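Student: Handing you this structure, nothing more for now.
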Amino acid sequence: MSEIVWAPDVVEESVLLAERRLPPADARAFRRQRDRIYRELEPDRREVRFQTLHLEWFRRLRLAAILEQTIEAHGAVLQRVRGCAVARARSNREAGADLVDASQAGSDTDRRPMLLLQVMPAALLDPAALAGWLQHELMHVSDMLDPAFGYQRTLPSSPDDPVAGNIVRDRYRVLWDVSIDGRLARAGRDIGAKRAVRAFEFAATFRMLGDRLPEVFDDWFDRVQPTHGRILAVAGNPGGRPVDAGRCPVCRLPTGAPFDSAAGLTAPVEALVRANHPGWRAEHGLCLQCRDLYEARHADFARARGLHDAGRLEVAAPHPIPIE
Amino acid sequence: MPYADPESDDPQELVGVELPGSEAQTREMAAAFAEEFAQLGYTRAQILALYRRAEYAGAHRAWRLLGEDQIVRVVDESLAVWGRIRRVVIDAPACGAPDPPTWVRRRS
Amino acid sequence: MPTVRNWQLGREMSYPYDARFPSRQFAFVFNINRCIACQSCTMACKSTWTFNKGQEHMWWANVETKPYGGYPQWWDARILARLEEANPAGQVWGGAPADARFGPYGVFEGTTIFEAAATTLTPDSARVLGYLPADDEWNAPNIYEDNPVGKRGVRNQLDPTGEQLPEHKTWFFYLARICNHCSYPACLAACPRKAIYKRPEDGIVLLDQAECRGYRKCVEACPYKKSMYRGNTRTSEKCIACFPRVEGTDPETGGEPMETRCMAACIGQIRMQGLVQIAADGTWAEDRQNPLYYLVHVAKVALPLYPQFGTQPNGYYIPPRWVPRPYLRQMFGPGVDQAIDSYVNPSRELLAVLQLFRRSNRIIDRYEIQEGPKVYEGSLRGRKVELFNDTVIAFGRSGREIFRTTIEEPIHVRTNAHANSI
């Protein structure tokens, strides 16, 4: 991999922030040089001089050191990327590592992707936190580059159900983060209090696991060697129940959850479904949402009928289905 | 306009902190807006629009908490006093104005 | 460090430079009770002064929703916290409010940002206690202040009823802010280049772009965070109080001083700006018929924003009457109770002076009231209300009348019982 390319605004801002911690004599020396550049009125020359000065102090203050050392320690990653660029993140949310495909980067012969790191300049001044953050981010990149992991940039989505796509993506992110911090811990890296943080996120995302939650979390943190497919399988169906990938025969929408057989539906509710869908039979089953819907509708009708019978509702109950 | 649920560690996001508030304060807030805008010469419909539209968070929150009826009452009470009068502003003639000078009269 | 007299704090305080007072001081009063955060002021300023490349994050004039909002985020909470750290439990007021131009709110017994710097910072940076906001604090002003988070998957559309939380369950008010053109500016005190100066003729605080070398000490020092760094020019910039207008050089007014863009654009009519006379000791010289003097020193309804910072800001606010008093006392000092009481039960003169807000884009130098007959007497929510057909006349700097306001005629509203009767 060639040298790391630093965006000038990352370099400048981190130097200006670092200046505040310099011994007074050094700070004065930096300012003497920098102040002089303001006398240069030709904009392009002035810009070049600012960038040169900031880069010089960036090197002198060794602000790149932790990031460069950490990346160099990831030899496997380096061999698979064409280069690395560092850009400015303006918030924690923007900060992260990603791969830019060769085609996007306008490559000629080298088809390897570029490694793009977005960091907040202030992060360069906190070596311990930066190193921890980088080892996590680089593990993401390492997975993305590992053929055995089988990473695919786009997750399956349904045009009928964008919400399901978001849910799967959130679960994917949490599982991936858990497995990364778990693998780092297993490798003897110091991850601080991350286990508790990940356990909290996991519990918030996979509430449906109920009593099995701690056991599944421990498995992912302590044992699982994840692949894209394995993460996706759990993200798509955390309960591990068999999934009928078809559509609900009543609402025709795709469903991530298995169809419920109509067992347990009361006769009036069954009749209500049939009244709307004459071809439907109990053995076809229906999705949970439809089941909830028709049970709720039936309850409404029953209430309306009750009010009507008690003389408190002038309009007759709107449905002829007999009330239990 | 955010699209996702808040992330508590993101400084860009709201940190929701419950602050003391009471119905009395909400009423006072509602009354203050009604009185101020009645004094400015706003019509009943204009003032009520302030409460009904979600863009004016303070007034709208009062409307949602107290309900349309109470807000209408507050507005009508304010208009019963301040809506009685219409202030007019009369601009002095501009410097170097032609003779005779024009006094411009306008509603406030 | 020299000492200066801070009339808002009712005491002397240390400041890096000797006191120098302008003959007149740019000052303004904002009536928060009326502000609906329409952001007309914000956009008037933005479209006049900060629309260029590199200024994207700059809002010299802004309106933030309190208690949650702030631009940059949490500016006031952060500097208050730093002061509290410097002087734990000591940021209190004592003494009694005086009926004087010096110390009208009592005596501040706590520590100002200048005094805190001397005790908590290393000598090299010891002029002002402050902090440098990070990128993400400048970004996205007003985010999450008012509107609840939108629904998942529904883009470009506000949630009409705000059912998806979080939602603020509390009182709101809107705090419109510009540079306070302080009498003891923290930005000026902190600048290592002496690039910031206060004009002797009107007290407007300006930042000399030719002298600035982008040290950002002013950004760090200004407790109101109204000095901002511009990355592409590598200089800091701040509100210039639309000084060409204040100087009266706009051809529209024929030499009369004109209010700033943000003032003139205010559709809620919450703003009044003026130039007040300053006495030799730095207090406001008595000028009974100046509307700002009247609001600040006679009616005492307008109060400085966070006077405890010690910069003697020249922006004054009529506090919102519905907000819990402890919050308001922290923000505007101990004068809050009297200010709200005066505002809620206005005198005949105060009612008249409030009619001067935003009737003209000229700066009002003096007002007169011609008393007229009483046109209404009644009560509103338990308070006695009397309305008079008084005529209020506003005069400009030259002594010429700018406008007068009066009441058209009483409108008699028939009761429902007689509606439509002939």
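Residue numbering restarts at 1 in every chain; chains get A, B, ... in the order shown in the structure tokens, and ligands count up from 1 in that same order.
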Show me, as a ChimeraX atom specification, the residues that have an atom within 7 Å of Ala302 in chain C when counting only C-alpha atoms, minus same-chain residues fewer than 5 positions from it.
Tutor: /C:29,295-296,316-318,339
Student: Write a file of the just-selected residues containing all heavy atoms, as a PDB file, in the first residue's frame.
Tutor:
ATOM      1  N   VAL C  29     -33.132  45.772  22.987  1.00  0.00           N
ATOM      2  CA  VAL C  29     -34.044  45.056  23.885  1.00  0.00           C
ATOM      3  C   VAL C  29     -34.855  44.083  23.040  1.00  0.00           C
ATOM      4  O   VAL C  29     -35.408  44.466  21.998  1.00  0.00           O
ATOM      5  CB  VAL C  29     -34.989  46.030  24.623  1.00  0.00           C
ATOM      6  CG1 VAL C  29     -36.097  45.260  25.335  1.00  0.00           C
ATOM      7  CG2 VAL C  29     -34.216  46.879  25.622  1.00  0.00           C
ATOM      8  N   LEU C 295     -36.724  51.295  29.404  1.00  0.00           N
ATOM      9  CA  LEU C 295     -37.013  49.870  29.612  1.00  0.00           C
ATOM     10  C   LEU C 295     -36.022  49.225  30.590  1.00  0.00           C
ATOM     11  O   LEU C 295     -36.392  48.368  31.393  1.00  0.00           O
ATOM     12  CB  LEU C 295     -36.976  49.118  28.269  1.00  0.00           C
ATOM     13  CG  LEU C 295     -38.093  49.480  27.282  1.00  0.00           C
ATOM     14  CD1 LEU C 295     -37.781  48.934  25.895  1.00  0.00           C
ATOM     15  CD2 LEU C 295     -39.443  48.941  27.769  1.00  0.00           C
ATOM     16  N   VAL C 296     -34.751  49.652  30.514  1.00  0.00           N
ATOM     17  CA  VAL C 296     -33.717  49.007  31.336  1.00  0.00           C
ATOM     18  C   VAL C 296     -33.646  49.635  32.727  1.00  0.00           C
ATOM     19  O   VAL C 296     -33.571  48.923  33.730  1.00  0.00           O
ATOM     20  CB  VAL C 296     -32.338  49.090  30.626  1.00  0.00           C
ATOM     21  CG1 VAL C 296     -31.213  48.610  31.546  1.00  0.00           C
ATOM     22  CG2 VAL C 296     -32.358  48.256  29.352  1.00  0.00           C
ATOM     23  N   TYR C 316     -30.466  43.240  25.932  1.00  0.00           N
ATOM     24  CA  TYR C 316     -31.371  43.137  27.083  1.00  0.00           C
ATOM     25  C   TYR C 316     -32.643  42.414  26.657  1.00  0.00           C
ATOM     26  O   TYR C 316     -33.082  42.530  25.505  1.00  0.00           O
ATOM     27  CB  TYR C 316     -31.700  44.528  27.631  1.00  0.00           C
ATOM     28  CG  TYR C 316     -30.465  45.199  28.200  1.00  0.00           C
ATOM     29  CD1 TYR C 316     -29.572  45.853  27.358  1.00  0.00           C
ATOM     30  CD2 TYR C 316     -30.168  45.110  29.543  1.00  0.00           C
ATOM     31  CE1 TYR C 316     -28.413  46.421  27.852  1.00  0.00           C
ATOM     32  CE2 TYR C 316     -29.011  45.680  30.058  1.00  0.00           C
ATOM     33  CZ  TYR C 316     -28.138  46.330  29.209  1.00  0.00           C
ATOM     34  OH  TYR C 316     -26.986  46.876  29.713  1.00  0.00           O
ATOM     35  N   TYR C 317     -33.209  41.690  27.578  1.00  0.00           N
ATOM     36  CA  TYR C 317     -34.350  40.838  27.262  1.00  0.00           C
ATOM     37  C   TYR C 317     -35.486  41.078  28.241  1.00  0.00           C
ATOM     38  O   TYR C 317     -35.256  41.144  29.455  1.00  0.00           O
ATOM     39  CB  TYR C 317     -33.939  39.367  27.336  1.00  0.00           C
ATOM     40  CG  TYR C 317     -32.951  38.963  26.250  1.00  0.00           C
ATOM     41  CD1 TYR C 317     -31.593  39.232  26.390  1.00  0.00           C
ATOM     42  CD2 TYR C 317     -33.384  38.332  25.093  1.00  0.00           C
ATOM     43  CE1 TYR C 317     -30.685  38.876  25.391  1.00  0.00           C
ATOM     44  CE2 TYR C 317     -32.488  37.967  24.091  1.00  0.00           C
ATOM     45  CZ  TYR C 317     -31.138  38.249  24.248  1.00  0.00           C
ATOM     46  OH  TYR C 317     -30.250  37.899  23.267  1.00  0.00           O
ATOM     47  N   ILE C 318     -36.687  41.181  27.706  1.00  0.00           N
ATOM     48  CA  ILE C 318     -37.861  41.154  28.590  1.00  0.00           C
ATOM     49  C   ILE C 318     -38.167  39.676  28.785  1.00  0.00           C
ATOM     50  O   ILE C 318     -38.519  38.976  27.837  1.00  0.00           O
ATOM     51  CB  ILE C 318     -39.062  41.892  27.966  1.00  0.00           C
ATOM     52  CG1 ILE C 318     -38.688  43.346  27.681  1.00  0.00           C
ATOM     53  CG2 ILE C 318     -40.269  41.795  28.893  1.00  0.00           C
ATOM     54  CD1 ILE C 318     -39.789  44.176  27.037  1.00  0.00           C
ATOM     55  N   ALA C 339     -38.972  42.431  36.901  1.00  0.00           N
ATOM     56  CA  ALA C 339     -39.204  42.662  35.473  1.00  0.00           C
ATOM     57  C   ALA C 339     -40.523  42.043  35.030  1.00  0.00           C
ATOM     58  O   ALA C 339     -41.323  42.676  34.334  1.00  0.00           O
ATOM     59  CB  ALA C 339     -38.052  42.085  34.656  1.00  0.00           C
TER      60      ALA C 339
END
Student: Neighbours of range 398-410 of chain C within 8 Å (only C-alpha atoms; same-chain residues fewer than 5 positions away dropped), as a CSV table (one decimal) with N, CA and C atoms, in the first residue's frame?
Tutor:
chain,number,residue,atom,x,y,z
B,84,ARG,N,-60.1,45.3,21.2
B,84,ARG,CA,-61.0,46.5,21.2
B,84,ARG,C,-60.4,47.7,20.4
B,85,ILE,N,-59.1,47.6,20.5
B,85,ILE,CA,-58.5,48.8,19.9
B,85,ILE,C,-57.6,48.4,18.7
B,86,ARG,N,-57.5,49.4,17.8
B,86,ARG,CA,-56.6,49.2,16.7
B,86,ARG,C,-55.6,50.4,16.7
B,87,ARG,N,-54.3,50.0,16.8
B,87,ARG,CA,-53.3,51.1,16.8
B,87,ARG,C,-53.0,51.5,15.4
B,88,VAL,N,-52.8,52.7,15.2
B,88,VAL,CA,-52.3,53.2,13.9
B,88,VAL,C,-51.0,53.8,14.1
B,89,VAL,N,-50.2,53.7,13.1
B,89,VAL,CA,-48.9,54.4,13.0
B,89,VAL,C,-48.9,55.4,12.0
B,90,ILE,N,-48.5,56.6,12.3
B,90,ILE,CA,-48.4,57.6,11.3
B,90,ILE,C,-47.0,58.0,11.1
B,91,ASP,N,-46.5,57.7,9.9
B,91,ASP,CA,-45.1,58.0,9.6
B,91,ASP,C,-44.9,59.5,9.3
B,92,ALA,N,-43.9,60.1,9.9
B,92,ALA,CA,-43.6,61.5,9.6
B,92,ALA,C,-43.1,61.6,8.1
C,256,GLU,N,-30.2,59.6,9.1
C,256,GLU,CA,-30.7,59.1,10.4
C,256,GLU,C,-30.2,57.7,10.6
C,355,GLN,N,-45.3,50.2,22.4
C,355,GLN,CA,-45.8,50.5,21.1
C,355,GLN,C,-44.8,51.0,20.1
C,356,LEU,N,-43.6,51.3,20.6
C,356,LEU,CA,-42.6,51.8,19.7
C,356,LEU,C,-41.8,50.7,19.0
C,359,ARG,N,-41.9,49.9,14.8
C,359,ARG,CA,-42.8,50.7,13.9
C,359,ARG,C,-42.1,51.4,12.8
C,360,SER,N,-40.7,51.3,12.9
C,360,SER,CA,-39.9,52.0,11.9
C,360,SER,C,-38.6,51.3,11.9
C,362,ARG,N,-35.9,53.2,11.6
C,362,ARG,CA,-35.0,54.2,12.2
C,362,ARG,C,-34.8,53.9,13.7
C,364,ILE,N,-34.7,55.0,17.3
C,364,ILE,CA,-35.5,56.0,18.1
C,364,ILE,C,-34.5,56.5,19.2
C,365,ASP,N,-34.4,57.8,19.2
C,365,ASP,CA,-33.5,58.5,20.1
C,365,ASP,C,-34.3,58.9,21.4
C,375,VAL,N,-59.9,54.7,27.3
C,375,VAL,CA,-60.9,54.1,26.4
C,375,VAL,C,-61.4,52.8,26.8
C,389,ASN,N,-56.1,56.3,25.2
C,389,ASN,CA,-55.8,56.7,23.8
C,389,ASN,C,-54.6,57.7,23.8
C,390,ASP,N,-53.5,57.1,24.3
C,390,ASP,CA,-52.3,58.0,24.3
C,390,ASP,C,-51.6,58.0,22.9
C,391,THR,N,-51.0,59.1,22.6
C,391,THR,CA,-50.2,59.1,21.4
C,391,THR,C,-48.7,59.1,21.7
C,392,VAL,N,-48.0,58.2,21.1
C,392,VAL,CA,-46.6,58.1,21.4
C,392,VAL,C,-45.9,58.6,20.2
C,393,ILE,N,-44.9,59.5,20.4
C,393,ILE,CA,-44.2,60.1,19.3
C,393,ILE,C,-42.8,59.7,19.4
Student: So how far away is CA of Phe26 in chain C from CA of Gly41 in chain B, in Å?
Tutor: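 Separating CA of Gly41 in chain B from CA of Phe26 in chain C is a distance of 29.4 Å.
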Student: Provide as an MDAnalysis selection string the residues of chain A at most 12 Å from chain B, counting only C-alpha atoms.
Tutor: chainID A and resid 90:95 163 166:167 170 197 201
Student: C:Lys66, C:Arg24, C:Arg78, C:Arg5: which is nearest chain B, counting only C-alpha atoms?
Tutor: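 Smallest distance to chain B is found for C:Lys66.
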Student: Within range 75-180 of chain A, find each residue whose DSSP state, derived from the backbone, is strand (DSSP E or B), and express the selection as a ChimeraX atom specification.
Tutor: /A:83-88,96-100,114-119
Student: Give me a file of those residues, with N, CA, C and O atoms, as an mmCIF file, in the first residue's frame.
Tutor:
data_model
loop_
_atom_site.group_PDB
_atom_site.id
_atom_site.type_symbol
_atom_site.label_atom_id
_atom_site.label_comp_id
_atom_site.auth_asym_id
_atom_site.auth_seq_id
_atom_site.Cartn_x
_atom_site.Cartn_y
_atom_site.Cartn_z
ATOM 1 N N GLY A 83 -4.766 1.759 -1.264
ATOM 2 C CA GLY A 83 -4.241 2.900 -0.523
ATOM 3 C C GLY A 83 -5.195 3.254 0.599
ATOM 4 O O GLY A 83 -6.255 2.636 0.737
ATOM 5 N N CYS A 84 -4.803 4.252 1.379
ATOM 6 C CA CYS A 84 -5.655 4.664 2.499
ATOM 7 C C CYS A 84 -5.746 6.187 2.505
ATOM 8 O O CYS A 84 -4.737 6.882 2.355
ATOM 9 N N ALA A 85 -6.961 6.683 2.643
ATOM 10 C CA ALA A 85 -7.154 8.132 2.735
ATOM 11 C C ALA A 85 -7.844 8.441 4.053
ATOM 12 O O ALA A 85 -8.721 7.688 4.497
ATOM 13 N N VAL A 86 -7.443 9.541 4.661
ATOM 14 C CA VAL A 86 -8.073 9.958 5.915
ATOM 15 C C VAL A 86 -8.805 11.269 5.665
ATOM 16 O O VAL A 86 -8.201 12.241 5.196
ATOM 17 N N ALA A 87 -10.092 11.277 5.944
ATOM 18 C CA ALA A 87 -10.899 12.480 5.724
ATOM 19 C C ALA A 87 -11.493 12.935 7.053
ATOM 20 O O ALA A 87 -11.482 12.196 8.040
ATOM 21 N N ARG A 88 -12.015 14.138 7.059
ATOM 22 C CA ARG A 88 -12.515 14.735 8.299
ATOM 23 C C ARG A 88 -13.961 14.300 8.559
ATOM 24 O O ARG A 88 -14.814 14.421 7.674
ATOM 25 N N GLY A 96 -15.643 6.617 10.918
ATOM 26 C CA GLY A 96 -15.672 5.181 10.644
ATOM 27 C C GLY A 96 -14.742 4.839 9.503
ATOM 28 O O GLY A 96 -14.117 5.703 8.893
ATOM 29 N N ALA A 97 -14.631 3.518 9.243
ATOM 30 C CA ALA A 97 -13.790 3.048 8.142
ATOM 31 C C ALA A 97 -14.683 2.441 7.080
ATOM 32 O O ALA A 97 -15.709 1.840 7.391
ATOM 33 N N ASP A 98 -14.278 2.620 5.832
ATOM 34 C CA ASP A 98 -15.066 2.028 4.743
ATOM 35 C C ASP A 98 -14.129 1.744 3.577
ATOM 36 O O ASP A 98 -12.984 2.219 3.550
ATOM 37 N N LEU A 99 -14.631 0.979 2.632
ATOM 38 C CA LEU A 99 -13.852 0.705 1.438
ATOM 39 C C LEU A 99 -14.503 1.408 0.258
ATOM 40 O O LEU A 99 -15.726 1.390 0.119
ATOM 41 N N VAL A 100 -13.683 2.062 -0.531
ATOM 42 C CA VAL A 100 -14.196 2.701 -1.742
ATOM 43 C C VAL A 100 -13.761 1.827 -2.906
ATOM 44 O O VAL A 100 -12.565 1.558 -3.071
ATOM 45 N N MET A 114 -9.927 1.289 -2.128
ATOM 46 C CA MET A 114 -9.226 2.232 -1.237
ATOM 47 C C MET A 114 -9.828 2.112 0.156
ATOM 48 O O MET A 114 -11.041 1.948 0.304
ATOM 49 N N LEU A 115 -8.974 2.235 1.144
ATOM 50 C CA LEU A 115 -9.465 2.287 2.525
ATOM 51 C C LEU A 115 -9.692 3.755 2.887
ATOM 52 O O LEU A 115 -8.779 4.567 2.781
ATOM 53 N N LEU A 116 -10.929 4.064 3.264
ATOM 54 C CA LEU A 116 -11.249 5.445 3.633
ATOM 55 C C LEU A 116 -11.555 5.500 5.126
ATOM 56 O O LEU A 116 -12.467 4.827 5.607
ATOM 57 N N LEU A 117 -10.789 6.309 5.825
ATOM 58 C CA LEU A 117 -11.041 6.494 7.262
ATOM 59 C C LEU A 117 -11.549 7.906 7.478
ATOM 60 O O LEU A 117 -10.938 8.868 7.015
ATOM 61 N N GLN A 118 -12.668 8.007 8.161
ATOM 62 C CA GLN A 118 -13.161 9.345 8.509
ATOM 63 C C GLN A 118 -12.989 9.521 10.011
ATOM 64 O O GLN A 118 -13.541 8.742 10.805
ATOM 65 N N VAL A 119 -12.207 10.522 10.384
ATOM 66 C CA VAL A 119 -11.938 10.745 11.809
ATOM 67 C C VAL A 119 -12.203 12.194 12.169
ATOM 68 O O VAL A 119 -12.071 13.093 11.332
#
Student: Counting only C-alpha atoms, which residues in range 281-344 of chain C sit no more than 7 Å from range 179-202 of chain C? For each one, give the nearest pair of atoms and the distance in Å, sorted by chain then residue number, as JSON lines.
Tutor:
{"residue": "C:Thr311", "atom": "CA", "partner": "C:Tyr184", "partner_atom": "CA", "distance": 4.6}
{"residue": "C:Gln312", "atom": "CA", "partner": "C:Ser183", "partner_atom": "CA", "distance": 5.3}
{"residue": "C:Pro313", "atom": "CA", "partner": "C:Cys182", "partner_atom": "CA", "distance": 4.1}
{"residue": "C:Asn314", "atom": "CA", "partner": "C:Asn180", "partner_atom": "CA", "distance": 5.1}
{"residue": "C:Gly315", "atom": "CA", "partner": "C:Asn180", "partner_atom": "CA", "distance": 5.1}
Student: Do you have, as a tab-separated table, the list of residues of chain C lying at most 9 Å from chain A, each with its nearest atom pair and that distance in Å to one decimal, counting only C-alpha atoms and ordered by chain then number?
Tutor:
residue	atom	partner	partner_atom	distance
C:Asp124	CA	A:Pro24	CA	7.6
C:Ala134	CA	A:Ala122	CA	8.5
C:Asp135	CA	A:Arg90	CA	5.6
C:Asp136	CA	A:Ser91	CA	5.2
C:Glu137	CA	A:Ser91	CA	8.8
C:Asn139	CA	A:Arg90	CA	8.2
C:Arg152	CA	A:Val163	CA	7.3
C:Gly153	CA	A:Val163	CA	6.6
C:Ala210	CA	A:Tyr38	CA	8.8
C:Arg213	CA	A:Asp35	CA	6.0
C:Gly214	CA	A:Asp35	CA	8.7
C:Tyr215	CA	A:Leu16	CA	8.5
C:Gly231	CA	A:Asp9	CA	8.6
C:Asn232	CA	A:Glu47	CA	8.9
C:Arg234	CA	A:Tyr38	CA	8.8
Student: With all heavy atoms retained, could you export that selection as a compact mmCIF listing (two decimals), in the first residue's frame?
Tutor:
# COMPACT_ATOMS: atom_id res chain seq x y z
N ASP C 124 -0.33 31.50 30.55
CA ASP C 124 -0.31 31.85 29.13
C ASP C 124 -1.67 32.09 28.52
O ASP C 124 -1.82 32.83 27.56
CB ASP C 124 0.42 30.77 28.35
CG ASP C 124 1.91 31.05 28.32
OD1 ASP C 124 2.28 32.21 28.08
OD2 ASP C 124 2.66 30.12 28.58
N ALA C 134 -16.59 22.20 19.40
CA ALA C 134 -16.16 21.28 18.35
C ALA C 134 -17.04 21.44 17.11
O ALA C 134 -18.09 22.08 17.17
CB ALA C 134 -16.22 19.85 18.86
N ASP C 135 -16.58 20.84 16.00
CA ASP C 135 -17.33 20.93 14.74
C ASP C 135 -18.81 20.60 14.92
O ASP C 135 -19.69 21.30 14.43
CB ASP C 135 -16.77 19.90 13.74
CG ASP C 135 -15.49 20.38 13.12
OD1 ASP C 135 -15.16 21.56 13.30
OD2 ASP C 135 -14.83 19.56 12.44
N ASP C 136 -19.06 19.47 15.61
CA ASP C 136 -20.44 19.01 15.67
C ASP C 136 -21.33 19.94 16.50
O ASP C 136 -22.54 19.89 16.39
CB ASP C 136 -20.53 17.57 16.17
CG ASP C 136 -19.69 17.33 17.39
OD1 ASP C 136 -19.11 18.30 17.90
OD2 ASP C 136 -19.61 16.17 17.84
N GLU C 137 -20.72 20.77 17.33
CA GLU C 137 -21.55 21.70 18.10
C GLU C 137 -21.99 22.90 17.25
O GLU C 137 -23.02 23.51 17.51
CB GLU C 137 -20.79 22.17 19.34
CG GLU C 137 -20.62 21.05 20.36
CD GLU C 137 -19.57 21.35 21.41
OE1 GLU C 137 -19.62 22.42 22.03
OE2 GLU C 137 -18.68 20.51 21.59
N ASN C 139 -22.51 22.60 13.97
CA ASN C 139 -23.35 22.10 12.87
C ASN C 139 -24.81 22.06 13.30
O ASN C 139 -25.12 21.92 14.46
CB ASN C 139 -22.93 20.68 12.49
CG ASN C 139 -21.58 20.66 11.84
OD1 ASN C 139 -21.07 21.70 11.43
ND2 ASN C 139 -20.97 19.49 11.75
N ARG C 152 -39.69 6.37 11.09
CA ARG C 152 -38.77 5.58 10.29
C ARG C 152 -39.31 5.40 8.89
O ARG C 152 -40.48 5.08 8.69
CB ARG C 152 -38.66 4.18 10.90
CG ARG C 152 -37.37 3.96 11.60
CD ARG C 152 -37.38 2.53 12.11
NE ARG C 152 -36.51 2.39 13.24
CZ ARG C 152 -35.19 2.34 13.15
NH1 ARG C 152 -34.61 2.42 11.98
NH2 ARG C 152 -34.46 2.21 14.21
N GLY C 153 -38.44 5.62 7.92
CA GLY C 153 -38.82 5.34 6.54
C GLY C 153 -39.68 6.42 5.91
O GLY C 153 -40.00 6.36 4.74
N ALA C 210 -7.78 42.33 8.72
CA ALA C 210 -6.39 42.43 8.28
C ALA C 210 -5.42 42.06 9.40
O ALA C 210 -4.29 41.67 9.13
CB ALA C 210 -6.11 43.85 7.80
N ARG C 213 -5.15 36.64 12.85
CA ARG C 213 -4.30 35.55 12.38
C ARG C 213 -4.88 34.19 12.76
O ARG C 213 -4.17 33.21 12.84
CB ARG C 213 -2.88 35.70 12.94
CG ARG C 213 -2.14 36.93 12.45
CD ARG C 213 -1.78 36.79 10.96
NE ARG C 213 -1.09 37.97 10.45
CZ ARG C 213 -1.71 38.98 9.82
NH1 ARG C 213 -3.02 38.94 9.64
NH2 ARG C 213 -1.02 40.00 9.36
N GLY C 214 -6.17 34.19 13.03
CA GLY C 214 -6.85 32.91 13.25
C GLY C 214 -6.39 32.14 14.46
O GLY C 214 -6.35 30.91 14.44
N TYR C 215 -6.09 32.83 15.57
CA TYR C 215 -5.71 32.11 16.79
C TYR C 215 -6.92 31.47 17.47
O TYR C 215 -6.78 30.61 18.30
CB TYR C 215 -5.04 33.08 17.79
CG TYR C 215 -3.61 33.44 17.46
CD1 TYR C 215 -3.28 34.07 16.27
CD2 TYR C 215 -2.58 33.17 18.36
CE1 TYR C 215 -1.97 34.41 15.98
CE2 TYR C 215 -1.27 33.50 18.07
CZ TYR C 215 -0.97 34.13 16.88
OH TYR C 215 0.34 34.46 16.60
N GLY C 231 -12.81 28.72 8.13
CA GLY C 231 -11.69 27.86 7.76
C GLY C 231 -10.97 28.27 6.50
O GLY C 231 -9.75 28.15 6.40
N ASN C 232 -11.71 28.80 5.50
CA ASN C 232 -11.04 29.05 4.23
C ASN C 232 -10.25 30.36 4.21
O ASN C 232 -9.28 30.50 3.47
CB ASN C 232 -12.04 28.99 3.06
CG ASN C 232 -13.13 30.03 3.17
OD1 ASN C 232 -13.40 30.55 4.24
ND2 ASN C 232 -13.75 30.34 2.05
N ARG C 234 -9.12 31.52 7.17
CA ARG C 234 -8.32 31.33 8.39
C ARG C 234 -8.34 32.58 9.27
O ARG C 234 -7.35 32.95 9.87
CB ARG C 234 -6.89 30.92 8.04
CG ARG C 234 -6.84 29.55 7.35
CD ARG C 234 -5.44 29.10 7.08
NE ARG C 234 -5.41 27.73 6.57
CZ ARG C 234 -5.62 27.40 5.30
NH1 ARG C 234 -5.90 28.32 4.40
NH2 ARG C 234 -5.56 26.14 4.92
Student: Hey, which of C:Ala394, C:Leu129, C:Ala89, C:Leu350 ends up closest to Phe309 in chain C? Count only C-alpha atoms.
Tutor: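 Of the candidates, the smallest distance to Phe309 in chain C is held by C:Leu129.
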Student: Name all residues at most 8 Å from Val74 in chain B (count only C-alpha atoms; drop same-chain ones fewer than 6 positions away) and give them as an mmCIF file with all heavy atoms, in the first residue's frame.
Tutor:
data_model
loop_
_atom_site.group_PDB
_atom_site.id
_atom_site.type_symbol
_atom_site.label_atom_id
_atom_site.label_comp_id
_atom_site.auth_asym_id
_atom_site.auth_seq_id
_atom_site.Cartn_x
_atom_site.Cartn_y
_atom_site.Cartn_z
ATOM 1 N N ALA B 30 -49.628 29.940 27.065
ATOM 2 C CA ALA B 30 -50.704 30.120 26.081
ATOM 3 C C ALA B 30 -51.280 31.533 26.177
ATOM 4 O O ALA B 30 -51.502 32.206 25.165
ATOM 5 C CB ALA B 30 -51.796 29.082 26.312
ATOM 6 N N ALA B 31 -51.488 31.991 27.408
ATOM 7 C CA ALA B 31 -52.074 33.315 27.597
ATOM 8 C C ALA B 31 -51.127 34.403 27.098
ATOM 9 O O ALA B 31 -51.558 35.390 26.486
ATOM 10 C CB ALA B 31 -52.388 33.532 29.077
ATOM 11 N N ALA B 34 -51.271 34.676 23.352
ATOM 12 C CA ALA B 34 -52.553 35.255 22.927
ATOM 13 C C ALA B 34 -52.566 36.760 23.172
ATOM 14 O O ALA B 34 -52.967 37.543 22.306
ATOM 15 C CB ALA B 34 -53.697 34.577 23.675
#
